[in-house]
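Undergrad: Here it is, the structure in full.
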Amino acid sequence: MAGEGAIGVRQGACESCARDDHELVEVHRVYLVPEAWDRPGSATVVEDTEWWCFSCRSMYPHQLDGALGAGPIDGQDRCQDR
């Protein structure tokens, strides 16, 4: 896919769980630290990309490649108090 902000898709083994999949998407892994009484919450986006399957993308926080530094982190709402 050409163009700025395009999302890469390929077949192969997921780099998170090693499951073979026909639709892997290029993402940036995100590490979340929840808020506590003595410190604010934080999110660290890893600069390198990985190829993840749908299952990993639906369960773990990440940013789609091309979205680095732009918009919310996918999955971040799962770690916030409701």
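Ordering of the structure tokens sets the chain letters (A, B, ...), residue numbers begin anew at 1 in every chain, and ligands are numbered from 1 in the order given.
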What's the 8 Å shell around Ala43 of chain A, counting only C-alpha atoms, without same-chain residues fewer than 4 positions away, as a list in words?

TA: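 Using only C-alpha atoms, the neighbours found are Val30, Tyr31, Leu32 and Val33 of chain A.
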
Undergrad: Give me the residues within 7 Å of segment 22-26 of chain A as a VMD selection string, counting only C-alpha atoms and dropping any in the same chain fewer than 2 places off.

TA: chain A and resid 7 to 12 14 49 to 53 64 to 65

Undergrad: Limited to N, CA and C atoms, could you put the picked residues into a file as a CSV table (one decimal), in the first residue's frame?

TA:
chain,number,residue,atom,x,y,z
A,7,ILE,N,-1.2,1.4,5.8
A,7,ILE,CA,-1.0,0.3,6.8
A,7,ILE,C,-0.5,-1.0,6.0
A,8,GLY,N,0.6,-1.6,6.4
A,8,GLY,CA,1.2,-2.7,5.8
A,8,GLY,C,0.4,-4.0,6.2
A,9,VAL,N,0.2,-4.9,5.2
A,9,VAL,CA,-0.5,-6.2,5.5
A,9,VAL,C,0.3,-7.2,4.8
A,10,ARG,N,0.5,-8.4,5.5
A,10,ARG,CA,1.2,-9.5,4.8
A,10,ARG,C,0.8,-10.8,5.5
A,11,GLN,N,1.3,-11.9,4.9
A,11,GLN,CA,1.0,-13.3,5.5
A,11,GLN,C,2.3,-13.7,6.2
A,12,GLY,N,2.1,-14.7,7.1
A,12,GLY,CA,3.3,-15.2,7.8
A,12,GLY,C,3.0,-15.5,9.2
A,14,CYS,N,2.9,-14.5,13.2
A,14,CYS,CA,2.8,-13.3,14.1
A,14,CYS,C,4.1,-13.2,14.9
A,49,THR,N,8.9,-1.7,14.5
A,49,THR,CA,7.6,-2.3,14.2
A,49,THR,C,7.7,-3.8,14.3
A,50,GLU,N,6.5,-4.4,14.5
A,50,GLU,CA,6.3,-5.9,14.5
A,50,GLU,C,5.1,-6.2,13.7
A,51,TRP,N,5.0,-7.4,13.2
A,51,TRP,CA,3.9,-7.9,12.4
A,51,TRP,C,3.0,-8.7,13.3
A,52,TRP,N,1.7,-8.3,13.6
A,52,TRP,CA,0.8,-8.9,14.6
A,52,TRP,C,-0.4,-9.4,13.9
A,53,CYS,N,-0.9,-10.5,14.4
A,53,CYS,CA,-2.2,-11.1,13.9
A,53,CYS,C,-3.4,-10.4,14.6
A,64,LEU,N,-0.9,1.4,15.1
A,64,LEU,CA,-0.6,0.9,13.7
A,64,LEU,C,0.6,1.7,13.2
A,65,ASP,N,1.4,1.0,12.3
A,65,ASP,CA,2.5,1.7,11.7
A,65,ASP,C,2.0,2.8,10.9

Undergrad: Quick one: residues within 10 Å of Val46 of chain A, only C-alpha atoms counted, chain neighbours fewer than 5 positions away excluded, as JSON, numbers by chain?

TA: {"A": [27, 28, 29, 30, 31, 62, 63, 68]}

Undergrad: Could those selected residues go to a file with N, CA and C atoms, as a compact mmCIF listing (two decimals), in the first residue's frame?

TA:
# COMPACT_ATOMS: atom_id res chain seq x y z
N VAL A 27 2.64 -3.06 13.34
CA VAL A 27 2.27 -2.24 14.49
C VAL A 27 3.50 -1.86 15.31
N HIS A 28 3.33 -0.86 16.16
CA HIS A 28 4.32 -0.50 17.18
C HIS A 28 3.79 -1.02 18.51
N ARG A 29 4.59 -1.81 19.21
CA ARG A 29 4.21 -2.31 20.53
C ARG A 29 4.15 -1.14 21.50
N VAL A 30 3.19 -1.19 22.44
CA VAL A 30 3.03 -0.13 23.44
C VAL A 30 3.06 -0.76 24.83
N TYR A 31 3.87 -0.19 25.70
CA TYR A 31 3.92 -0.63 27.10
C TYR A 31 3.16 0.39 27.94
N HIS A 62 -1.31 -1.22 21.16
CA HIS A 62 -0.40 -1.02 20.05
C HIS A 62 -0.80 0.23 19.28
N GLN A 63 0.06 0.66 18.37
CA GLN A 63 -0.27 1.69 17.39
C GLN A 63 0.03 1.11 16.03
N LEU A 68 2.53 6.56 14.30
CA LEU A 68 3.44 6.85 15.40
C LEU A 68 3.37 8.33 15.75

Undergrad: Could you work out how far atom CA of Glu47 of chain A lies from atom CA of Ser16 of chain A, giving the answer in Å with one decimal?

TA: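 Those two atoms sit 15.6 Å apart.
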